[in-house]
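Enquirer: Okay, so here is target-v6.pdb, and as you'll see once you scroll down, it has PDB, C-alpha atoms and all ligand atoms.
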```
MODEL        1
ATOM      1  CA  MET O   1     -24.733 -29.675  27.877  1.00  0.00           C
ATOM      2  CA  LYS O   2     -21.023 -28.902  28.045  1.00  0.00           C
ATOM      3  CA  LYS O   3     -20.320 -31.936  25.932  1.00  0.00           C
ATOM      4  CA  TYR O   4     -22.650 -30.712  23.201  1.00  0.00           C
ATOM      5  CA  LEU O   5     -21.074 -27.245  23.211  1.00  0.00           C
ATOM      6  CA  LEU O   6     -17.614 -28.762  22.847  1.00  0.00           C
ATOM      7  CA  ILE O   7     -18.756 -30.943  19.959  1.00  0.00           C
ATOM      8  CA  ALA O   8     -20.402 -27.923  18.325  1.00  0.00           C
ATOM      9  CA  ALA O   9     -17.273 -25.813  18.680  1.00  0.00           C
ATOM     10  CA  LEU O  10     -15.089 -28.558  17.232  1.00  0.00           C
ATOM     11  CA  ALA O  11     -17.544 -29.022  14.357  1.00  0.00           C
ATOM     12  CA  ALA O  12     -17.441 -25.291  13.599  1.00  0.00           C
ATOM     13  CA  VAL O  13     -13.660 -25.215  13.487  1.00  0.00           C
ATOM     14  CA  THR O  14     -13.527 -28.375  11.384  1.00  0.00           C
ATOM     15  CA  ALA O  15     -16.093 -27.019   8.919  1.00  0.00           C
ATOM     16  CA  LEU O  16     -14.109 -23.823   8.393  1.00  0.00           C
ATOM     17  CA  SER O  17     -10.701 -25.480   8.176  1.00  0.00           C
ATOM     18  CA  SER O  18     -11.901 -27.960   5.565  1.00  0.00           C
ATOM     19  CA  ALA O  19     -13.173 -25.167   3.264  1.00  0.00           C
ATOM     20  CA  GLN O  20     -10.016 -24.576   1.242  1.00  0.00           C
ATOM     21  CA  VAL O  21     -11.797 -22.811  -1.614  1.00  0.00           C
ATOM     22  CA  TRP O  22     -12.377 -19.097  -2.110  1.00  0.00           C
ATOM     23  CA  ASN O  23     -15.241 -18.227  -4.449  1.00  0.00           C
ATOM     24  CA  GLU O  24     -15.101 -14.666  -5.806  1.00  0.00           C
ATOM     25  CA  SER O  25     -17.651 -12.524  -3.971  1.00  0.00           C
ATOM     26  CA  GLY O  26     -19.184 -10.072  -6.452  1.00  0.00           C
ATOM     27  CA  ASP O  27     -16.294  -8.805  -8.569  1.00  0.00           C
ATOM     28  CA  ALA O  28     -12.711  -8.554  -7.328  1.00  0.00           C
ATOM     29  CA  GLY O  29     -11.134  -5.163  -8.075  1.00  0.00           C
ATOM     30  CA  ASP O  30      -8.253  -4.510 -10.463  1.00  0.00           C
ATOM     31  CA  LEU O  31      -5.933  -2.507  -8.167  1.00  0.00           C
ATOM     32  CA  ILE O  32      -4.214  -3.312  -4.858  1.00  0.00           C
ATOM     33  CA  GLY O  33      -6.638  -1.062  -2.972  1.00  0.00           C
ATOM     34  CA  SER O  34      -9.678  -2.885  -4.356  1.00  0.00           C
ATOM     35  CA  ALA O  35      -8.253  -6.417  -4.240  1.00  0.00           C
ATOM     36  CA  GLN O  36     -10.529  -9.057  -2.730  1.00  0.00           C
ATOM     37  CA  GLN O  37      -9.231 -10.557   0.530  1.00  0.00           C
ATOM     38  CA  THR O  38      -9.521 -14.351   0.672  1.00  0.00           C
ATOM     39  CA  GLN O  39     -10.896 -15.460   4.048  1.00  0.00           C
ATOM     40  CA  GLY O  40     -10.664 -18.871   5.665  1.00  0.00           C
ATOM     41  CA  VAL O  41      -8.503 -21.054   7.862  1.00  0.00           C
ATOM     42  CA  GLY O  42      -5.290 -22.711   6.738  1.00  0.00           C
ATOM     43  CA  ALA O  43      -4.318 -23.750   3.226  1.00  0.00           C
ATOM     44  CA  LEU O  44      -5.881 -21.972   0.259  1.00  0.00           C
ATOM     45  CA  THR O  45      -5.919 -24.395  -2.670  1.00  0.00           C
ATOM     46  CA  THR O  46      -8.535 -22.999  -5.055  1.00  0.00           C
ATOM     47  CA  ILE O  47      -9.934 -19.635  -6.157  1.00  0.00           C
ATOM     48  CA  ASN O  48     -12.987 -19.665  -8.429  1.00  0.00           C
ATOM     49  CA  GLY O  49     -14.004 -16.475 -10.222  1.00  0.00           C
ATOM     50  CA  SER O  50     -15.043 -14.920 -13.509  1.00  0.00           C
ATOM     51  CA  LEU O  51     -13.609 -12.287 -15.817  1.00  0.00           C
ATOM     52  CA  ASP O  52     -15.735  -9.935 -17.913  1.00  0.00           C
ATOM     53  CA  ASP O  53     -13.355  -7.815 -19.997  1.00  0.00           C
ATOM     54  CA  ASP O  54     -11.599  -6.837 -16.748  1.00  0.00           C
ATOM     55  CA  VAL O  55      -8.954  -7.820 -14.168  1.00  0.00           C
ATOM     56  CA  ASP O  56      -9.469  -9.611 -10.833  1.00  0.00           C
ATOM     57  CA  ILE O  57      -6.997  -9.280  -7.937  1.00  0.00           C
ATOM     58  CA  PHE O  58      -7.080 -11.484  -4.819  1.00  0.00           C
ATOM     59  CA  THR O  59      -5.033 -11.095  -1.616  1.00  0.00           C
ATOM     60  CA  PHE O  60      -3.577 -14.251  -0.043  1.00  0.00           C
ATOM     61  CA  ASN O  61      -0.495 -15.442   1.866  1.00  0.00           C
ATOM     62  CA  ILE O  62       2.504 -17.402   0.657  1.00  0.00           C
ATOM     63  CA  VAL O  63       3.612 -19.668   3.516  1.00  0.00           C
ATOM     64  CA  ASN O  64       6.021 -21.994   1.684  1.00  0.00           C
ATOM     65  CA  SER O  65       8.067 -20.453  -1.125  1.00  0.00           C
ATOM     66  CA  ALA O  66       9.588 -23.851  -2.016  1.00  0.00           C
ATOM     67  CA  THR O  67       6.213 -25.361  -2.893  1.00  0.00           C
ATOM     68  CA  PHE O  68       4.461 -22.161  -4.045  1.00  0.00           C
ATOM     69  CA  SER O  69       2.708 -22.108  -7.415  1.00  0.00           C
ATOM     70  CA  ILE O  70      -0.445 -20.799  -9.063  1.00  0.00           C
ATOM     71  CA  THR O  71      -1.939 -22.419 -12.171  1.00  0.00           C
ATOM     72  CA  VAL O  72      -4.879 -21.129 -14.225  1.00  0.00           C
ATOM     73  CA  THR O  73      -7.320 -23.886 -15.248  1.00  0.00           C
ATOM     74  CA  ASN O  74     -10.901 -24.518 -16.230  1.00  0.00           C
ATOM     75  CA  THR O  75     -11.385 -21.562 -18.592  1.00  0.00           C
ATOM     76  CA  THR O  76     -11.462 -20.607 -22.266  1.00  0.00           C
ATOM     77  CA  ILE O  77      -9.773 -17.221 -21.773  1.00  0.00           C
ATOM     78  CA  ASP O  78      -6.148 -16.565 -22.829  1.00  0.00           C
ATOM     79  CA  SER O  79      -5.025 -15.740 -19.297  1.00  0.00           C
ATOM     80  CA  MET O  80      -2.190 -13.721 -17.813  1.00  0.00           C
ATOM     81  CA  LEU O  81      -1.082 -13.854 -14.167  1.00  0.00           C
ATOM     82  CA  TYR O  82       0.683 -10.971 -12.407  1.00  0.00           C
ATOM     83  CA  MET O  83       1.697 -11.200  -8.746  1.00  0.00           C
ATOM     84  CA  PHE O  84       2.311  -8.067  -6.658  1.00  0.00           C
ATOM     85  CA  ASN O  85       3.461  -7.787  -3.043  1.00  0.00           C
ATOM     86  CA  ALA O  86       1.454  -5.972  -0.357  1.00  0.00           C
ATOM     87  CA  GLY O  87       2.853  -2.630  -1.546  1.00  0.00           C
ATOM     88  CA  GLY O  88       1.974  -3.249  -5.201  1.00  0.00           C
ATOM     89  CA  MET O  89       5.521  -4.002  -6.370  1.00  0.00           C
ATOM     90  CA  GLY O  90       5.725  -6.621  -9.106  1.00  0.00           C
ATOM     91  CA  VAL O  91       7.026 -10.084  -8.125  1.00  0.00           C
ATOM     92  CA  VAL O  92       6.440 -12.472 -11.034  1.00  0.00           C
ATOM     93  CA  ALA O  93       4.210 -12.727 -14.121  1.00  0.00           C
ATOM     94  CA  ASP O  94       3.368 -15.252 -16.800  1.00  0.00           C
ATOM     95  CA  ASP O  95       1.345 -15.604 -19.979  1.00  0.00           C
ATOM     96  CA  ASP O  96       1.249 -19.171 -21.311  1.00  0.00           C
ATOM     97  CA  SER O  97       3.418 -21.516 -19.205  1.00  0.00           C
ATOM     98  CA  ALA O  98       0.510 -23.802 -18.235  1.00  0.00           C
ATOM     99  CA  GLY O  99      -0.200 -24.580 -21.905  1.00  0.00           C
ATOM    100  CA  ASN O 100      -3.255 -23.775 -24.027  1.00  0.00           C
ATOM    101  CA  PHE O 101      -2.553 -20.039 -23.467  1.00  0.00           C
ATOM    102  CA  LEU O 102      -3.023 -20.506 -19.705  1.00  0.00           C
ATOM    103  CA  SER O 103      -0.658 -19.134 -17.044  1.00  0.00           C
ATOM    104  CA  PHE O 104       1.557 -20.671 -14.355  1.00  0.00           C
ATOM    105  CA  ILE O 105       3.819 -18.957 -11.823  1.00  0.00           C
ATOM    106  CA  ASP O 106       6.332 -20.156  -9.245  1.00  0.00           C
ATOM    107  CA  PHE O 107       9.752 -18.938  -8.092  1.00  0.00           C
ATOM    108  CA  THR O 108      11.906 -20.753 -10.662  1.00  0.00           C
ATOM    109  CA  ASN O 109      13.086 -17.504 -12.266  1.00  0.00           C
ATOM    110  CA  VAL O 110      12.769 -14.983  -9.410  1.00  0.00           C
ATOM    111  CA  ALA O 111      13.843 -14.635  -5.775  1.00  0.00           C
ATOM    112  CA  PRO O 112      11.431 -16.556  -3.487  1.00  0.00           C
ATOM    113  CA  VAL O 113       9.259 -14.503  -1.135  1.00  0.00           C
ATOM    114  CA  THR O 114       6.660 -15.228   1.542  1.00  0.00           C
ATOM    115  CA  GLY O 115       3.915 -13.187   3.185  1.00  0.00           C
ATOM    116  CA  THR O 116       0.976 -11.151   1.913  1.00  0.00           C
ATOM    117  CA  MET O 117       0.651 -11.164  -1.880  1.00  0.00           C
ATOM    118  CA  ASN O 118      -1.843 -10.041  -4.510  1.00  0.00           C
ATOM    119  CA  ILE O 119      -2.517 -12.216  -7.537  1.00  0.00           C
ATOM    120  CA  ALA O 120      -4.037 -10.604 -10.637  1.00  0.00           C
ATOM    121  CA  ILE O 121      -5.681 -12.688 -13.338  1.00  0.00           C
ATOM    122  CA  ALA O 122      -6.263 -10.822 -16.576  1.00  0.00           C
ATOM    123  CA  ASN O 123      -6.971 -11.428 -20.231  1.00  0.00           C
ATOM    124  CA  PHE O 124      -4.046 -11.488 -22.641  1.00  0.00           C
ATOM    125  CA  PHE O 125      -2.669  -8.056 -23.522  1.00  0.00           C
ATOM    126  CA  SER O 126      -3.537  -6.479 -20.176  1.00  0.00           C
ATOM    127  CA  ASP O 127      -0.533  -4.438 -19.031  1.00  0.00           C
ATOM    128  CA  PRO O 128       0.221  -3.132 -15.516  1.00  0.00           C
ATOM    129  CA  TRP O 129       1.361   0.480 -15.844  1.00  0.00           C
ATOM    130  CA  ILE O 130       3.332   2.854 -13.625  1.00  0.00           C
ATOM    131  CA  ASN O 131       3.249   6.332 -15.079  1.00  0.00           C
ATOM    132  CA  ALA O 132       4.103   8.219 -18.248  1.00  0.00           C
ATOM    133  CA  ALA O 133       7.767   8.522 -17.302  1.00  0.00           C
ATOM    134  CA  ASN O 134       8.346   4.867 -16.485  1.00  0.00           C
ATOM    135  CA  GLY O 135       5.725   2.953 -18.471  1.00  0.00           C
ATOM    136  CA  TRP O 136       5.070  -0.753 -18.151  1.00  0.00           C
ATOM    137  CA  MET O 137       6.153  -2.975 -15.252  1.00  0.00           C
ATOM    138  CA  TRP O 138       6.697  -6.007 -17.467  1.00  0.00           C
ATOM    139  CA  ASP O 139       7.587  -6.753 -21.018  1.00  0.00           C
ATOM    140  CA  ALA O 140       5.046  -9.406 -20.182  1.00  0.00           C
ATOM    141  CA  PHE O 141       5.398 -11.839 -23.037  1.00  0.00           C
ATOM    142  CA  SER O 142       9.051 -12.794 -22.844  1.00  0.00           C
ATOM    143  CA  PRO O 143      10.683 -14.371 -20.961  1.00  0.00           C
ATOM    144  CA  ALA O 144       8.027 -16.564 -19.319  1.00  0.00           C
ATOM    145  CA  ASN O 145       7.425 -16.601 -15.572  1.00  0.00           C
ATOM    146  CA  ALA O 146       9.656 -13.569 -15.002  1.00  0.00           C
ATOM    147  CA  GLY O 147      10.036 -10.746 -12.529  1.00  0.00           C
ATOM    148  CA  PRO O 148       9.285  -7.149 -13.576  1.00  0.00           C
ATOM    149  CA  ASN O 149      11.560  -6.387 -16.512  1.00  0.00           C
ATOM    150  CA  ALA O 150      10.366  -3.169 -18.162  1.00  0.00           C
ATOM    151  CA  ASN O 151      11.140   0.464 -17.368  1.00  0.00           C
ATOM    152  CA  GLY O 152       8.557   0.583 -14.583  1.00  0.00           C
ATOM    153  CA  ALA O 153       9.965  -2.466 -12.764  1.00  0.00           C
ATOM    154  CA  ASN O 154      10.967  -0.560  -9.633  1.00  0.00           C
ATOM    155  CA  ASN O 155       7.631   1.128  -8.978  1.00  0.00           C
ATOM    156  CA  PRO O 156       4.262  -0.106  -7.646  1.00  0.00           C
ATOM    157  CA  LEU O 157       1.197  -0.741  -9.782  1.00  0.00           C
ATOM    158  CA  ASP O 158      -0.637   2.487 -10.572  1.00  0.00           C
ATOM    159  CA  HIS O 159      -3.241   1.416 -13.140  1.00  0.00           C
ATOM    160  CA  TRP O 160      -3.689  -0.783 -16.217  1.00  0.00           C
ATOM    161  CA  ASP O 161      -2.509   0.638 -19.503  1.00  0.00           C
ATOM    162  CA  ALA O 162      -4.636  -1.817 -21.437  1.00  0.00           C
ATOM    163  CA  ILE O 163      -7.156  -4.440 -20.383  1.00  0.00           C
ATOM    164  CA  GLY O 164      -7.714  -7.331 -22.771  1.00  0.00           C
ATOM    165  CA  ALA O 165     -11.196  -8.491 -23.757  1.00  0.00           C
ATOM    166  CA  GLY O 166     -12.500 -11.883 -22.686  1.00  0.00           C
ATOM    167  CA  ALA O 167     -15.258 -13.263 -20.471  1.00  0.00           C
ATOM    168  CA  ASP O 168     -15.453 -16.661 -18.784  1.00  0.00           C
ATOM    169  CA  THR O 169     -15.225 -18.335 -15.415  1.00  0.00           C
ATOM    170  CA  TYR O 170     -11.799 -19.581 -14.267  1.00  0.00           C
ATOM    171  CA  THR O 171     -10.098 -21.549 -11.513  1.00  0.00           C
ATOM    172  CA  LEU O 172      -6.754 -20.744  -9.874  1.00  0.00           C
ATOM    173  CA  VAL O 173      -5.047 -23.776  -8.303  1.00  0.00           C
ATOM    174  CA  LEU O 174      -2.613 -22.768  -5.535  1.00  0.00           C
ATOM    175  CA  THR O 175       0.130 -24.630  -3.644  1.00  0.00           C
ATOM    176  CA  GLY O 176       2.163 -23.310  -0.700  1.00  0.00           C
ATOM    177  CA  ALA O 177      -0.542 -20.688  -0.005  1.00  0.00           C
ATOM    178  CA  GLU O 178      -2.967 -19.778   2.756  1.00  0.00           C
ATOM    179  CA  PHE O 179      -5.997 -17.514   3.042  1.00  0.00           C
ATOM    180  CA  ALA O 180      -5.263 -13.815   3.615  1.00  0.00           C
ATOM    181  CA  ALA O 181      -7.266 -13.733   6.831  1.00  0.00           C
ATOM    182  CA  VAL O 182      -9.402 -15.855   9.106  1.00  0.00           C
ATOM    183  CA  PRO O 183     -13.093 -14.920   9.233  1.00  0.00           C
ATOM    184  CA  GLU O 184     -14.233 -12.453  11.869  1.00  0.00           C
ATOM    185  CA  PRO O 185     -14.494 -13.999  15.365  1.00  0.00           C
ATOM    186  CA  ALA O 186     -18.212 -13.240  15.210  1.00  0.00           C
ATOM    187  CA  THR O 187     -18.510 -15.785  12.409  1.00  0.00           C
ATOM    188  CA  PHE O 188     -17.011 -18.488  14.601  1.00  0.00           C
ATOM    189  CA  VAL O 189     -19.315 -17.556  17.470  1.00  0.00           C
ATOM    190  CA  ALA O 190     -22.384 -17.514  15.213  1.00  0.00           C
ATOM    191  CA  ILE O 191     -21.564 -20.905  13.715  1.00  0.00           C
ATOM    192  CA  GLY O 192     -20.742 -22.327  17.135  1.00  0.00           C
ATOM    193  CA  LEU O 193     -23.992 -21.034  18.659  1.00  0.00           C
ATOM    194  CA  GLY O 194     -25.990 -22.295  15.680  1.00  0.00           C
ATOM    195  CA  LEU O 195     -24.558 -25.780  15.976  1.00  0.00           C
ATOM    196  CA  ALA O 196     -24.947 -25.712  19.761  1.00  0.00           C
ATOM    197  CA  GLY O 197     -28.589 -24.792  19.207  1.00  0.00           C
ATOM    198  CA  LEU O 198     -29.015 -27.732  16.860  1.00  0.00           C
ATOM    199  CA  ALA O 199     -27.396 -30.055  19.367  1.00  0.00           C
ATOM    200  CA  ILE O 200     -29.688 -28.804  22.141  1.00  0.00           C
ATOM    201  CA  ALA O 201     -32.737 -29.085  19.891  1.00  0.00           C
ATOM    202  CA  ARG O 202     -31.848 -32.664  19.048  1.00  0.00           C
ATOM    203  CA  ARG O 203     -31.308 -33.510  22.696  1.00  0.00           C
ATOM    204  CA  ARG O 204     -34.764 -32.204  23.605  1.00  0.00           C
ATOM    205  CA  LYS O 205     -36.524 -34.434  21.074  1.00  0.00           C
TER     206      LYS O 205
HETATM  207 CA    CA V 301     -14.406 -11.005 -11.543  1.00  0.00          CA
HETATM  208 CA    CA V 302     -12.678  -7.506 -11.668  1.00  0.00          CA
HETATM  209 CA    CA V 303      -1.997 -16.523 -21.911  1.00  0.00          CA
ENDMDL
END
```
Please express the file's structure as structure tokens.

Expert:
Amino acid sequence: MKKYLLIAALAAVTALSSAQVWNESGDAGDLIGSAQQTQGVGALTTINGSLDDDVDIFTFNIVNSATFSITVTNTTIDSMLYMFNAGGMGVVADDDSAGNFLSFIDFTNVAPVTGTMNIAIANFFSDPWINAANGWMWDAFSPANAGPNANGANNPLDHWDAIGAGADTYTLVLTGAEFAAVPEPATFVAIGLGLAGLAIARRRK
């Protein structure tokens, strides 16, 4: 019996740690307060989602600034990427560096950071905005892959001045990143008990 429980527990941990993909649940929000938290164990390599004339923001962790990157793939939209820290301050943004109007960010042109981050994927011409006095956070289209460089650079995201139109699914490919949080302990327990139940059921046959 103990042997089966141990196997079940190991299987549960293995199953969770091998799931390196986050699939958008419903629709991720467009502000830091409504960002969708990615949940899993260990490296986060892929986020799948869809845009519908809006912006999606996901929370994740940067664990290795030397290898960190995010690339937009697998979509027909003209993407933009904007990364904000936990407090909503701009870190880096890009329009077309991945080619075919798709976006790529790393720390080539800005100071490397680690920790909790928020990545926004948006359609072209979406602009993060501060307030009437300070305006945009980025002059987003030049230079590429840059830190905040407009009048609002030293303030956190407040809202979007404009949101570009475009609807399609997309994939974000990440390196040097991990999930924002591990699933609730209850999830582990439920999976462990379920697998233990299966093991017991099999043993009784
Ligand atoms: Ca979405
Ligand atoms: Ca959204
Ligand atoms: Ca683009």

Enquirer: Using all atoms listed in the file, determine which residues lie at most 10 Å from Asp96 (chain O), disregarding the query and same-chain residues fewer than 5 positions distant; provide the list as a PyMOL selection string.

Expert: chain O and resi 72+78-81+101-105+124+141+144-145

Enquirer: Considering only C-alpha atoms, state which residue in the set O:Thr76, O:Asn118, O:Asn61, O:Ser69 is at the smallest distance from Leu31 (chain O).

Expert: O:Asn118

Enquirer: Counting only C-alpha atoms and all ligand atoms, name the residues that have an atom within 9 Å of an atom of ligand CA 302 (chain V); the answer should be given as a list in words.

Expert: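 The distance check yields Gly26, Asp27, Ala28, Gly29, Asp30, Ala35, Ser50, Leu51, Asp52, Asp53, Asp54, Val55, Asp56, Ile57, Ile121 and Ala122 of chain O.
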
Enquirer: With all atoms listed in the file as the atoms that count, which of O:Val41, O:Ile77, O:Ile47, O:Val110 lies nearest to ligand CA 303 (chain V)?

Expert: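 Using all atoms listed in the file, the shortest distance to ligand CA 303 (chain V) belongs to O:Ile77.
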
Enquirer: Calculated over only C-alpha atoms and all ligand atoms, which of the candidates O:Gly164, O:Gly176, O:Gly90, O:Pro185 has the smallest distance to ligand CA 303 (chain V)?

Expert: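 The shortest atom-to-atom distance to ligand CA 303 (chain V) comes from O:Gly164.
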
Enquirer: Which polymer residues have any atom within 12 Å of an atom of Trp129 (chain O), counting only C-alpha atoms, with same-chain residues fewer than 2 positions away left out, as a VMD selection string?

Expert: chain O and resid 31 82 88 to 90 126 to 127 131 to 140 148 150 to 163

Enquirer: Between CA of Thr114 (chain O) and CA of Asn85 (chain O), what is the distance, to one decimal in Å?

Expert: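 Spanning CA of Thr114 (chain O) to CA of Asn85 (chain O) is a straight-line distance of 9.3 Å.
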
Enquirer: Tell me, in Å to one decimal, how far CA of Gly87 (chain O) is from CA of Gln39 (chain O).

Expert: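 Going from CA of Gly87 (chain O) over to CA of Gln39 (chain O), I get 19.6 Å.
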
Enquirer: So the first atom is CA of Gly33 (chain O) and the second is CA of Ala98 (chain O); what is the distance between them in Å, to one decimal place?

Expert: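 The value is 28.3 Å.
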
Enquirer: For the file shown, report as a list in words the outcome of the PyMOL selection byres (((chain O and resi 60) around 9) and not hetatm) at residue level.

Expert: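 What the PyMOL selection byres (((chain O and resi 60) around 9) and not hetatm) grabs from the file is Gln37, Thr38, Gln39, Leu44, Phe58, Thr59, Asn61, Ile62, Gly115, Thr116, Met117, Asn118, Ile119, Ala177, Glu178, Phe179, Ala180 and Ala181 of chain O.
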
Enquirer: Give the answer as one residue: which of O:Ala146, O:Thr169, O:Gln36, O:Asp95 has the shortest atom-to-atom distance to ligand CA 303 (chain V), using all atoms listed in the file?

Expert: O:Asp95

Enquirer: Can you list, as a ChimeraX atom specification, the residues that the PyMOL selection byres (((chain O and resi 92) around 6) and not hetatm) selects here?

Expert: /O:83,91,93,146-147

Enquirer: Put those residues in a file: C-alpha atoms, as a PDB file, keeping the file's coordinate frame.

Expert:
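The resulting file, result05.pdb, is reproduced below:
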```pdb
ATOM      1  CA  MET O  83       1.697 -11.200  -8.746  1.00  0.00           C
ATOM      2  CA  VAL O  91       7.026 -10.084  -8.125  1.00  0.00           C
ATOM      3  CA  ALA O  93       4.210 -12.727 -14.121  1.00  0.00           C
ATOM      4  CA  ALA O 146       9.656 -13.569 -15.002  1.00  0.00           C
ATOM      5  CA  GLY O 147      10.036 -10.746 -12.529  1.00  0.00           C
TER       6      GLY O 147
END
```

Enquirer: Given all atoms listed in the file as the basis, pick out the residue of O:Gly49, O:Gly166, O:Gly42, O:Pro112 nearest to Phe125 (chain O).

Expert: O:Gly166

Enquirer: Can you list what the PyMOL selection byres (((chain O and resi 174) around 6) and not hetatm) grabs from this structure, as an mmCIF file with C-alpha atoms, in the frame of the given file?

Expert:
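result_29.cif written:
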```cif
data_model
loop_
_atom_site.group_PDB
_atom_site.id
_atom_site.type_symbol
_atom_site.label_atom_id
_atom_site.label_comp_id
_atom_site.auth_asym_id
_atom_site.auth_seq_id
_atom_site.Cartn_x
_atom_site.Cartn_y
_atom_site.Cartn_z
ATOM 1 C CA THR O 45 -5.919 -24.395 -2.670
ATOM 2 C CA THR O 46 -8.535 -22.999 -5.055
ATOM 3 C CA SER O 69 2.708 -22.108 -7.415
ATOM 4 C CA ILE O 70 -0.445 -20.799 -9.063
ATOM 5 C CA VAL O 173 -5.047 -23.776 -8.303
ATOM 6 C CA THR O 175 0.130 -24.630 -3.644
#
```

Enquirer: I'd like to know which of O:Gly99, O:Ala43, O:Thr75, O:Gln20 is closest to Asp168 (chain O), using all atoms listed in the file.

Expert: O:Thr75
